[in-house]
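Have a look at start-v4.pdb below; it lists PDB, C-alpha atoms, pLDDT in the B column.
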MODEL        1
ATOM      1  CA  GLN T   1      17.523   2.989   0.635  1.00 53.00           C
ATOM      2  CA  GLN T   2      15.026   0.623  -0.911  1.00 61.00           C
ATOM      3  CA  GLN T   3      14.230  -1.912   1.743  1.00 87.00           C
ATOM      4  CA  VAL T   4      12.066  -4.181  -0.400  1.00 93.00           C
ATOM      5  CA  LYS T   5      13.155  -4.917  -3.964  1.00 95.00           C
ATOM      6  CA  GLN T   6      10.608  -6.417  -6.340  1.00 96.00           C
ATOM      7  CA  SER T   7      10.948  -7.949  -9.795  1.00 97.00           C
ATOM      8  CA  PRO T   8       9.967  -8.084 -12.547  1.00 97.00           C
ATOM      9  CA  GLN T   9       8.429  -4.687 -13.162  1.00 95.00           C
ATOM     10  CA  SER T  10       5.985  -6.212 -15.635  1.00 97.00           C
ATOM     11  CA  LEU T  11       4.951  -9.711 -16.567  1.00 97.00           C
ATOM     12  CA  ILE T  12       2.901 -11.244 -19.369  1.00 98.00           C
ATOM     13  CA  VAL T  13       1.623 -14.772 -18.848  1.00 98.00           C
ATOM     14  CA  GLN T  14      -0.601 -17.002 -20.914  1.00 98.00           C
ATOM     15  CA  LYS T  15      -3.918 -18.069 -19.420  1.00 98.00           C
ATOM     16  CA  GLY T  16      -3.368 -21.232 -17.426  1.00 98.00           C
ATOM     17  CA  GLY T  17       0.304 -20.507 -16.872  1.00 98.00           C
ATOM     18  CA  ILE T  18       2.200 -19.780 -13.668  1.00 98.00           C
ATOM     19  CA  SER T  19       2.979 -16.188 -12.699  1.00 98.00           C
ATOM     20  CA  ILE T  20       5.994 -15.702 -10.443  1.00 98.00           C
ATOM     21  CA  ILE T  21       6.936 -12.451  -8.750  1.00 98.00           C
ATOM     22  CA  ASN T  22      10.017 -12.146  -6.583  1.00 98.00           C
ATOM     23  CA  CYS T  23      10.947  -9.899  -3.698  1.00 98.00           C
ATOM     24  CA  ALA T  24      14.018  -9.421  -1.527  1.00 97.00           C
ATOM     25  CA  TYR T  25      14.307  -7.532   1.722  1.00 96.00           C
ATOM     26  CA  GLU T  26      17.166  -6.162   3.763  1.00 93.00           C
ATOM     27  CA  ASN T  27      15.851  -5.525   7.254  1.00 90.00           C
ATOM     28  CA  THR T  28      16.045  -8.730   9.309  1.00 90.00           C
ATOM     29  CA  ALA T  29      13.648  -7.194  11.836  1.00 89.00           C
ATOM     30  CA  PHE T  30      10.776  -7.611   9.373  1.00 91.00           C
ATOM     31  CA  ASP T  31       8.424 -10.327  10.558  1.00 89.00           C
ATOM     32  CA  TYR T  32       5.350  -9.898   8.386  1.00 90.00           C
ATOM     33  CA  PHE T  33       5.312 -10.210   4.591  1.00 93.00           C
ATOM     34  CA  PRO T  34       2.017  -9.441   2.825  1.00 92.00           C
ATOM     35  CA  TRP T  35       1.179  -9.329  -0.843  1.00 95.00           C
ATOM     36  CA  TYR T  36      -1.312  -6.802  -2.125  1.00 94.00           C
ATOM     37  CA  GLN T  37      -3.297  -6.795  -5.363  1.00 97.00           C
ATOM     38  CA  GLN T  38      -4.352  -3.536  -6.957  1.00 96.00           C
ATOM     39  CA  PHE T  39      -6.773  -3.040  -9.832  1.00 96.00           C
ATOM     40  CA  PRO T  40      -6.882   0.263 -11.761  1.00 92.00           C
ATOM     41  CA  GLY T  41      -8.720   2.959  -9.842  1.00 89.00           C
ATOM     42  CA  LYS T  42      -8.807   0.925  -6.647  1.00 92.00           C
ATOM     43  CA  GLY T  43      -6.780   0.790  -3.488  1.00 94.00           C
ATOM     44  CA  PRO T  44      -4.417  -2.119  -2.781  1.00 94.00           C
ATOM     45  CA  ALA T  45      -6.162  -5.126  -1.256  1.00 94.00           C
ATOM     46  CA  LEU T  46      -4.478  -7.734   0.902  1.00 91.00           C
ATOM     47  CA  LEU T  47      -4.113 -10.968  -1.062  1.00 95.00           C
ATOM     48  CA  ILE T  48      -2.062 -13.278   1.145  1.00 94.00           C
ATOM     49  CA  ALA T  49       0.564 -12.882   3.854  1.00 92.00           C
ATOM     50  CA  ILE T  50       3.231 -14.952   5.559  1.00 93.00           C
ATOM     51  CA  ARG T  51       5.370 -14.855   8.679  1.00 90.00           C
ATOM     52  CA  PRO T  52       8.981 -16.062   8.622  1.00 90.00           C
ATOM     53  CA  ASP T  53       8.338 -19.120  10.783  1.00 91.00           C
ATOM     54  CA  VAL T  54       6.923 -20.967   7.768  1.00 93.00           C
ATOM     55  CA  SER T  55       8.463 -21.523   4.345  1.00 95.00           C
ATOM     56  CA  GLU T  56       5.276 -21.659   2.322  1.00 96.00           C
ATOM     57  CA  LYS T  57       1.664 -20.586   2.517  1.00 96.00           C
ATOM     58  CA  LYS T  58      -1.018 -21.481   0.021  1.00 97.00           C
ATOM     59  CA  GLU T  59      -4.464 -19.992  -0.451  1.00 96.00           C
ATOM     60  CA  GLY T  60      -6.293 -21.291  -3.486  1.00 97.00           C
ATOM     61  CA  ARG T  61      -4.222 -20.548  -6.578  1.00 97.00           C
ATOM     62  CA  PHE T  62      -1.890 -18.188  -4.691  1.00 98.00           C
ATOM     63  CA  THR T  63       1.240 -19.408  -2.905  1.00 97.00           C
ATOM     64  CA  ILE T  64       3.946 -17.510  -1.046  1.00 97.00           C
ATOM     65  CA  SER T  65       7.358 -19.131  -0.824  1.00 96.00           C
ATOM     66  CA  PHE T  66       9.655 -17.731   1.837  1.00 96.00           C
ATOM     67  CA  ASN T  67      13.426 -18.177   2.182  1.00 95.00           C
ATOM     68  CA  LYS T  68      14.536 -16.601   5.442  1.00 94.00           C
ATOM     69  CA  SER T  69      18.255 -17.246   5.002  1.00 94.00           C
ATOM     70  CA  ALA T  70      18.267 -15.622   1.574  1.00 95.00           C
ATOM     71  CA  LYS T  71      15.873 -12.867   2.700  1.00 95.00           C
ATOM     72  CA  GLN T  72      13.678 -13.533  -0.291  1.00 97.00           C
ATOM     73  CA  PHE T  73      10.051 -14.335  -0.852  1.00 97.00           C
ATOM     74  CA  SER T  74       7.933 -14.875  -3.909  1.00 98.00           C
ATOM     75  CA  LEU T  75       4.337 -15.057  -5.055  1.00 98.00           C
ATOM     76  CA  HIS T  76       3.233 -17.842  -7.362  1.00 98.00           C
ATOM     77  CA  ILE T  77      -0.117 -17.638  -9.132  1.00 98.00           C
ATOM     78  CA  MET T  78      -1.081 -21.025 -10.496  1.00 98.00           C
ATOM     79  CA  ASP T  79      -3.469 -21.426 -13.438  1.00 98.00           C
ATOM     80  CA  SER T  80      -3.307 -17.673 -14.077  1.00 98.00           C
ATOM     81  CA  GLN T  81      -6.553 -16.139 -15.344  1.00 98.00           C
ATOM     82  CA  PRO T  82      -7.291 -12.875 -17.198  1.00 97.00           C
ATOM     83  CA  GLY T  83      -9.069 -11.679 -14.043  1.00 97.00           C
ATOM     84  CA  ASP T  84      -5.712 -11.872 -12.236  1.00 98.00           C
ATOM     85  CA  SER T  85      -4.418  -9.024 -14.421  1.00 98.00           C
ATOM     86  CA  ALA T  86      -3.504  -6.338 -11.903  1.00 97.00           C
ATOM     87  CA  THR T  87      -0.538  -4.780 -10.172  1.00 97.00           C
ATOM     88  CA  TYR T  88       0.938  -6.837  -7.354  1.00 97.00           C
ATOM     89  CA  PHE T  89       2.952  -5.394  -4.496  1.00 95.00           C
ATOM     90  CA  CYS T  90       5.049  -7.291  -2.038  1.00 95.00           C
ATOM     91  CA  ALA T  91       5.563  -5.639   1.316  1.00 92.00           C
ATOM     92  CA  ALA T  92       7.264  -6.122   4.630  1.00 91.00           C
ATOM     93  CA  SER T  93       6.887  -4.775   8.124  1.00 86.00           C
ATOM     94  CA  ARG T  94       7.699  -5.353  11.742  1.00 82.00           C
ATOM     95  CA  GLY T  95       4.370  -6.371  13.170  1.00 72.00           C
ATOM     96  CA  TYR T  96       1.713  -4.418  11.333  1.00 62.00           C
ATOM     97  CA  GLN T  97       3.462  -1.113  11.645  1.00 69.00           C
ATOM     98  CA  LYS T  98       4.955   0.984   8.901  1.00 75.00           C
ATOM     99  CA  VAL T  99       4.474  -1.417   5.987  1.00 83.00           C
ATOM    100  CA  THR T 100       7.186  -0.918   3.343  1.00 87.00           C
ATOM    101  CA  PHE T 101       6.072  -1.723  -0.185  1.00 90.00           C
ATOM    102  CA  GLY T 102       7.982  -3.022  -3.181  1.00 93.00           C
ATOM    103  CA  THR T 103       7.768  -1.119  -6.449  1.00 92.00           C
ATOM    104  CA  GLY T 104       5.024  -3.279  -7.929  1.00 95.00           C
ATOM    105  CA  THR T 105       4.648  -5.776 -10.776  1.00 97.00           C
ATOM    106  CA  LYS T 106       2.093  -5.209 -13.477  1.00 96.00           C
ATOM    107  CA  LEU T 107       0.734  -8.609 -14.460  1.00 98.00           C
ATOM    108  CA  GLN T 108      -1.119  -9.179 -17.694  1.00 98.00           C
ATOM    109  CA  VAL T 109      -2.681 -12.571 -18.332  1.00 98.00           C
ATOM    110  CA  ILE T 110      -3.510 -13.065 -21.988  1.00 97.00           C
ATOM    111  CA  PRO T 111      -6.111 -15.540 -23.257  1.00 92.00           C
TER
ATOM    112  CA  ASP Z   1     -19.767  -4.159   4.364  1.00 69.00           C
ATOM    113  CA  ALA Z   2     -17.147  -2.208   6.335  1.00 82.00           C
ATOM    114  CA  ARG Z   3     -14.821  -0.099   4.248  1.00 93.00           C
ATOM    115  CA  VAL Z   4     -12.476   2.845   4.468  1.00 96.00           C
ATOM    116  CA  THR Z   5     -14.126   5.891   2.914  1.00 97.00           C
ATOM    117  CA  GLN Z   6     -12.081   8.671   1.341  1.00 98.00           C
ATOM    118  CA  THR Z   7     -13.303  12.013   0.062  1.00 98.00           C
ATOM    119  CA  PRO Z   8     -13.038  13.543  -2.407  1.00 98.00           C
ATOM    120  CA  ARG Z   9     -12.257  10.822  -4.947  1.00 97.00           C
ATOM    121  CA  HIS Z  10     -10.822  13.351  -7.365  1.00 97.00           C
ATOM    122  CA  LYS Z  11      -9.477  16.851  -6.806  1.00 98.00           C
ATOM    123  CA  VAL Z  12      -8.047  19.333  -9.294  1.00 98.00           C
ATOM    124  CA  THR Z  13      -6.609  22.469  -7.796  1.00 98.00           C
ATOM    125  CA  GLU Z  14      -4.339  25.325  -8.713  1.00 97.00           C
ATOM    126  CA  MET Z  15      -0.829  25.598  -7.397  1.00 97.00           C
ATOM    127  CA  GLY Z  16      -0.740  27.453  -4.089  1.00 97.00           C
ATOM    128  CA  GLN Z  17      -4.220  26.400  -2.973  1.00 98.00           C
ATOM    129  CA  GLU Z  18      -4.935  24.446   0.194  1.00 98.00           C
ATOM    130  CA  VAL Z  19      -6.063  20.863  -0.262  1.00 98.00           C
ATOM    131  CA  THR Z  20      -7.802  18.796   2.412  1.00 98.00           C
ATOM    132  CA  MET Z  21      -8.352  15.066   2.008  1.00 98.00           C
ATOM    133  CA  ARG Z  22     -10.595  13.180   4.415  1.00 98.00           C
ATOM    134  CA  CYS Z  23     -10.754   9.587   5.530  1.00 98.00           C
ATOM    135  CA  GLN Z  24     -13.299   7.683   7.562  1.00 98.00           C
ATOM    136  CA  PRO Z  25     -11.581   4.565   8.930  1.00 96.00           C
ATOM    137  CA  ILE Z  26     -13.419   1.331   9.551  1.00 95.00           C
ATOM    138  CA  LEU Z  27     -15.279   1.466  12.862  1.00 93.00           C
ATOM    139  CA  GLY Z  28     -13.213  -0.138  15.590  1.00 90.00           C
ATOM    140  CA  HIS Z  29      -9.892   0.179  13.782  1.00 91.00           C
ATOM    141  CA  ASN Z  30      -7.347   2.004  15.916  1.00 89.00           C
ATOM    142  CA  THR Z  31      -4.518   2.398  13.376  1.00 91.00           C
ATOM    143  CA  VAL Z  32      -4.746   4.765  10.423  1.00 94.00           C
ATOM    144  CA  PHE Z  33      -2.184   5.172   7.640  1.00 94.00           C
ATOM    145  CA  TRP Z  34      -1.732   7.754   4.876  1.00 96.00           C
ATOM    146  CA  TYR Z  35       0.085   6.625   1.717  1.00 95.00           C
ATOM    147  CA  ARG Z  36       0.955   8.438  -1.497  1.00 96.00           C
ATOM    148  CA  GLN Z  37       1.212   6.571  -4.790  1.00 95.00           C
ATOM    149  CA  THR Z  38       3.041   7.852  -7.859  1.00 93.00           C
ATOM    150  CA  MET Z  39       4.453   6.109 -10.896  1.00 87.00           C
ATOM    151  CA  MET Z  40       7.972   7.142  -9.989  1.00 85.00           C
ATOM    152  CA  GLN Z  41       8.004   6.473  -6.243  1.00 85.00           C
ATOM    153  CA  GLY Z  42       5.384   3.761  -5.868  1.00 88.00           C
ATOM    154  CA  LEU Z  43       3.592   3.565  -2.515  1.00 91.00           C
ATOM    155  CA  GLU Z  44       5.143   5.794   0.127  1.00 91.00           C
ATOM    156  CA  LEU Z  45       4.039   5.913   3.735  1.00 90.00           C
ATOM    157  CA  LEU Z  46       3.439   9.512   4.742  1.00 94.00           C
ATOM    158  CA  ALA Z  47       2.135   9.109   8.293  1.00 93.00           C
ATOM    159  CA  TYR Z  48       0.343   6.778  10.633  1.00 89.00           C
ATOM    160  CA  PHE Z  49      -1.683   7.075  13.800  1.00 92.00           C
ATOM    161  CA  ARG Z  50      -2.568   4.723  16.597  1.00 91.00           C
ATOM    162  CA  ASN Z  51      -5.467   5.570  18.867  1.00 91.00           C
ATOM    163  CA  ARG Z  52      -5.525   8.999  17.162  1.00 93.00           C
ATOM    164  CA  ALA Z  53      -1.944   9.794  18.215  1.00 93.00           C
ATOM    165  CA  PRO Z  54       0.655  10.305  15.480  1.00 91.00           C
ATOM    166  CA  LEU Z  55       3.276   7.552  15.672  1.00 88.00           C
ATOM    167  CA  ASP Z  56       5.360   8.358  12.641  1.00 86.00           C
ATOM    168  CA  ASP Z  57       5.156  11.129  10.080  1.00 87.00           C
ATOM    169  CA  SER Z  58       8.752  10.985   8.911  1.00 86.00           C
ATOM    170  CA  GLY Z  59       7.666  10.348   5.330  1.00 87.00           C
ATOM    171  CA  MET Z  60       5.728  13.573   5.122  1.00 91.00           C
ATOM    172  CA  PRO Z  61       7.139  16.904   3.877  1.00 88.00           C
ATOM    173  CA  LYS Z  62       6.749  18.903   7.077  1.00 87.00           C
ATOM    174  CA  ASP Z  63       6.717  22.344   5.551  1.00 92.00           C
ATOM    175  CA  ARG Z  64       3.497  21.891   3.620  1.00 96.00           C
ATOM    176  CA  PHE Z  65       1.812  18.686   4.751  1.00 97.00           C
ATOM    177  CA  SER Z  66      -0.075  18.033   7.962  1.00 96.00           C
ATOM    178  CA  ALA Z  67      -2.090  15.033   9.167  1.00 96.00           C
ATOM    179  CA  GLU Z  68      -4.548  14.926  12.031  1.00 96.00           C
ATOM    180  CA  MET Z  69      -7.242  12.781  13.587  1.00 96.00           C
ATOM    181  CA  PRO Z  70      -9.779  15.143  15.139  1.00 94.00           C
ATOM    182  CA  ASP Z  71     -11.763  12.124  16.309  1.00 93.00           C
ATOM    183  CA  ALA Z  72     -11.842   8.359  15.869  1.00 92.00           C
ATOM    184  CA  THR Z  73     -14.068   8.587  12.785  1.00 95.00           C
ATOM    185  CA  LEU Z  74     -12.076  11.155  10.820  1.00 97.00           C
ATOM    186  CA  ALA Z  75      -8.510  11.495   9.608  1.00 97.00           C
ATOM    187  CA  THR Z  76      -7.378  14.437   7.504  1.00 98.00           C
ATOM    188  CA  LEU Z  77      -4.386  15.157   5.305  1.00 98.00           C
ATOM    189  CA  LYS Z  78      -3.787  18.772   4.364  1.00 98.00           C
ATOM    190  CA  ILE Z  79      -1.408  20.300   1.857  1.00 97.00           C
ATOM    191  CA  GLN Z  80      -0.803  24.036   2.056  1.00 97.00           C
ATOM    192  CA  PRO Z  81       0.358  25.415  -0.302  1.00 97.00           C
ATOM    193  CA  SER Z  82      -0.045  22.706  -2.937  1.00 97.00           C
ATOM    194  CA  GLU Z  83       2.506  22.254  -5.717  1.00 97.00           C
ATOM    195  CA  PRO Z  84       2.387  20.365  -9.041  1.00 97.00           C
ATOM    196  CA  ARG Z  85       4.785  17.738  -7.633  1.00 96.00           C
ATOM    197  CA  ASP Z  86       2.113  16.832  -5.072  1.00 97.00           C
ATOM    198  CA  SER Z  87      -0.015  15.354  -7.870  1.00 97.00           C
ATOM    199  CA  ALA Z  88      -0.557  11.718  -6.911  1.00 97.00           C
ATOM    200  CA  VAL Z  89      -3.113   9.292  -5.545  1.00 98.00           C
ATOM    201  CA  TYR Z  90      -3.386   9.525  -1.779  1.00 98.00           C
ATOM    202  CA  PHE Z  91      -4.593   6.457   0.082  1.00 97.00           C
ATOM    203  CA  CYS Z  92      -5.853   6.119   3.582  1.00 97.00           C
ATOM    204  CA  ALA Z  93      -5.805   2.709   5.234  1.00 94.00           C
ATOM    205  CA  SER Z  94      -7.007   1.524   8.618  1.00 93.00           C
ATOM    206  CA  GLY Z  95      -6.405  -1.581  10.666  1.00 88.00           C
ATOM    207  CA  PRO Z  96      -7.347  -3.130  13.982  1.00 81.00           C
ATOM    208  CA  ALA Z  97      -4.785  -3.586  16.732  1.00 70.00           C
ATOM    209  CA  GLY Z  98      -2.466  -6.383  15.580  1.00 64.00           C
ATOM    210  CA  GLY Z  99      -4.220  -6.720  12.226  1.00 68.00           C
ATOM    211  CA  GLU Z 100      -3.751  -6.009   8.548  1.00 82.00           C
ATOM    212  CA  ALA Z 101      -4.494  -2.653   6.975  1.00 84.00           C
ATOM    213  CA  PHE Z 102      -7.471  -2.111   4.675  1.00 91.00           C
ATOM    214  CA  PHE Z 103      -7.147   0.568   2.011  1.00 94.00           C
ATOM    215  CA  GLY Z 104      -9.668   3.107   0.804  1.00 96.00           C
ATOM    216  CA  GLN Z 105     -10.153   3.846  -2.887  1.00 95.00           C
ATOM    217  CA  GLY Z 106      -7.892   6.865  -2.797  1.00 97.00           C
ATOM    218  CA  THR Z 107      -8.042  10.544  -3.675  1.00 98.00           C
ATOM    219  CA  ARG Z 108      -6.543  11.410  -7.044  1.00 97.00           C
ATOM    220  CA  LEU Z 109      -5.021  14.859  -6.677  1.00 98.00           C
ATOM    221  CA  THR Z 110      -3.971  16.964  -9.643  1.00 98.00           C
ATOM    222  CA  VAL Z 111      -2.253  20.286  -8.986  1.00 98.00           C
ATOM    223  CA  VAL Z 112      -2.018  22.531 -12.040  1.00 97.00           C
TER
ENDMDL
END

How does this structure look as structure tokens?
Amino acid sequence: QQQVKQSPQSLIVQKGGISIINCAYENTAFDYFPWYQQFPGKGPALLIAIRPDVSEKKEGRFTISFNKSAKQFSLHIMDSQPGDSATYFCAASRGYQKVTFGTGTKLQVIP
Amino acid sequence: DARVTQTPRHKVTEMGQEVTMRCQPILGHNTVFWYRQTMMQGLELLAYFRNRAPLDDSGMPKDRFSAEMPDATLATLKIQPSEPRDSAVYFCASGPAGGEAFFGQGTRLTVV
């Protein structure tokens, strides 16, 4: 049973455009929703995270939107840059235990 | 600059051999995770420890995999005997109590 569903699998965005990645979860006990960024040959690195008591969190060009009733959350990358090209994983957990990852989105930002 | 250190970074071994992967968590972190990453399955949690005690290893094939923390500065993941389907990147991550996990750079394992 896939507890965190992520889409799209891949995404190509023009430089300066907005990248949007969507995730849906099933377990209502989840209370922590991080996004990780992974470059080739590296481990995932925490990018931004949100708890369900807020509907949006913004850090620089990265924004998480959270819809608790729909059990969905998304990552928006504003003014996308070639350096943002990486694989992005949404995730969910109860507290910081046993983080369940989505399947990943490979983002390519073209000049 | 505190980081999670994994060794070796790359390992090629023959089917049937024992493989040991090591992880040095960030000093002061009391939670350690082992993940496996493949193209087909993505990131799978194999096991995690808190204060060196195993909390959950339900994601780990019990017949051939074992994970231990001999002390607070070392976590190990062993595969015996290894099989070609074990080929993957294995990540260790550590985190403080009530905090986010930080990942190492991984061990790329190839079993031929």

(request) With a distance threshold of 6 Å and counting all atoms listed in the file, extract the residues of chain Z near chain T and express them as a PyMOL selection string. (result) chain Z and resi 42+103-105

(request) Evaluate the PyMOL selection byres ((chain Z and resi 26) around 12) on the structure here and hand back the selected residues as an MDAnalysis selection string. (result) chainID Z and resid 1:6 23:25 27:32 72:75 92:96 101:104

Put the listed atoms of region 74-83 of chain T in a box along x, y and z with 6 Å added on every side and give me the centre and edge lengths in Å to one decimal, as JSON.
{"center_x": -0.6, "center_y": -16.6, "center_z": -10.6, "size_x": 29.0, "size_y": 21.7, "size_z": 25.3}

(request) Please provide as an MDAnalysis selection string all residues within 7 Å of region 53-67 of chain Z, with the sequence filter that same-chain residues fewer than 4 positions apart are discarded (counting all atoms listed in the file). (result) chainID Z and resid 45:49 76:81

Output of the above residues as an mmCIF file, in the frame of the given file, restricted to C-alpha atoms:
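What follows is the written file again22.cif:
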data_model
loop_
_atom_site.group_PDB
_atom_site.id
_atom_site.type_symbol
_atom_site.label_atom_id
_atom_site.label_comp_id
_atom_site.auth_asym_id
_atom_site.auth_seq_id
_atom_site.Cartn_x
_atom_site.Cartn_y
_atom_site.Cartn_z
ATOM 1 C CA LEU Z 45 4.039 5.913 3.735
ATOM 2 C CA LEU Z 46 3.439 9.512 4.742
ATOM 3 C CA ALA Z 47 2.135 9.109 8.293
ATOM 4 C CA TYR Z 48 0.343 6.778 10.633
ATOM 5 C CA PHE Z 49 -1.683 7.075 13.800
ATOM 6 C CA THR Z 76 -7.378 14.437 7.504
ATOM 7 C CA LEU Z 77 -4.386 15.157 5.305
ATOM 8 C CA LYS Z 78 -3.787 18.772 4.364
ATOM 9 C CA ILE Z 79 -1.408 20.300 1.857
ATOM 10 C CA GLN Z 80 -0.803 24.036 2.056
ATOM 11 C CA PRO Z 81 0.358 25.415 -0.302
#

(request) Given the file shown, determine the residues that the PyMOL selection byres ((chain T and resi 82) around 7) selects; report them as a list in words. (result)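 For this structure, the PyMOL selection byres ((chain T and resi 82) around 7) resolves to Lys15, Ser80, Gln81, Gly83, Asp84, Ser85, Val109, Ile110 and Pro111 of chain T.
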
Determine the residue membership of the PyMOL selection byres ((chain T and resi 27) around 10) for the file above and supply it as a PDB file with C-alpha atoms, keeping the file's coordinate frame.
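Saved to selection.pdb:
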ATOM      1  CA  GLN T   3      14.230  -1.912   1.743  1.00 87.00           C
ATOM      2  CA  VAL T   4      12.066  -4.181  -0.400  1.00 93.00           C
ATOM      3  CA  ALA T  24      14.018  -9.421  -1.527  1.00 97.00           C
ATOM      4  CA  TYR T  25      14.307  -7.532   1.722  1.00 96.00           C
ATOM      5  CA  GLU T  26      17.166  -6.162   3.763  1.00 93.00           C
ATOM      6  CA  THR T  28      16.045  -8.730   9.309  1.00 90.00           C
ATOM      7  CA  ALA T  29      13.648  -7.194  11.836  1.00 89.00           C
ATOM      8  CA  PHE T  30      10.776  -7.611   9.373  1.00 91.00           C
ATOM      9  CA  ASP T  31       8.424 -10.327  10.558  1.00 89.00           C
ATOM     10  CA  LYS T  71      15.873 -12.867   2.700  1.00 95.00           C
ATOM     11  CA  ALA T  92       7.264  -6.122   4.630  1.00 91.00           C
ATOM     12  CA  SER T  93       6.887  -4.775   8.124  1.00 86.00           C
ATOM     13  CA  ARG T  94       7.699  -5.353  11.742  1.00 82.00           C
TER      14      ARG T  94
END

(message) Just to confirm, what's the straight-line distance from CA of Lys11 (chain Z) to CA of Arg85 (chain Z) in Å (one decimal)?
(response) 14.3 Å

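Across the structure, CA of Trp35 (chain T) and CA of Phe33 (chain Z) are spaced 17.1 Å apart.
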
(message) Which residue is closest to Lys57 (chain T)? Choose from T:Ser69, T:Phe33, T:Phe39, T:Ser19 and count all atoms listed in the file.
(response)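 Distance minimum relative to Lys57 (chain T) lands on T:Phe33.
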
(message) Quick check, in Å to one decimal: how far apart do CA of Ile12 (chain T) and CA of Arg61 (chain T) lie?
(response) 17.3 Å

(request) List the residues sitting within 8 Å of (8.2, -11.5, -6.0) in the file's frame, using only C-alpha atoms, as a PyMOL selection string. (result) chain T and resi 6-8+20-24+73-75+90

(message) List the spatial neighbours of Ala88 (chain Z) as an MDAnalysis selection string - criterion: any atom at most 7 Å away, all atoms listed in the file, same-chain residues fewer than 2 positions off excluded.
(response) chainID Z and resid 36:38 86 90 108:110

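Nearest residue to Thr105 (chain T), choosing from T:Pro40, T:Met78, T:Lys5, T:Thr87 and counting all atoms listed in the file: T:Thr87.
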
(message) Please determine, counting only C-alpha atoms, which residue among T:Phe62, T:Ile48, T:Gln72, T:Gln9 has the shortest atom-to-atom distance to Glu100 (chain Z).
(response)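 Distance minimum relative to Glu100 (chain Z) lands on T:Ile48.
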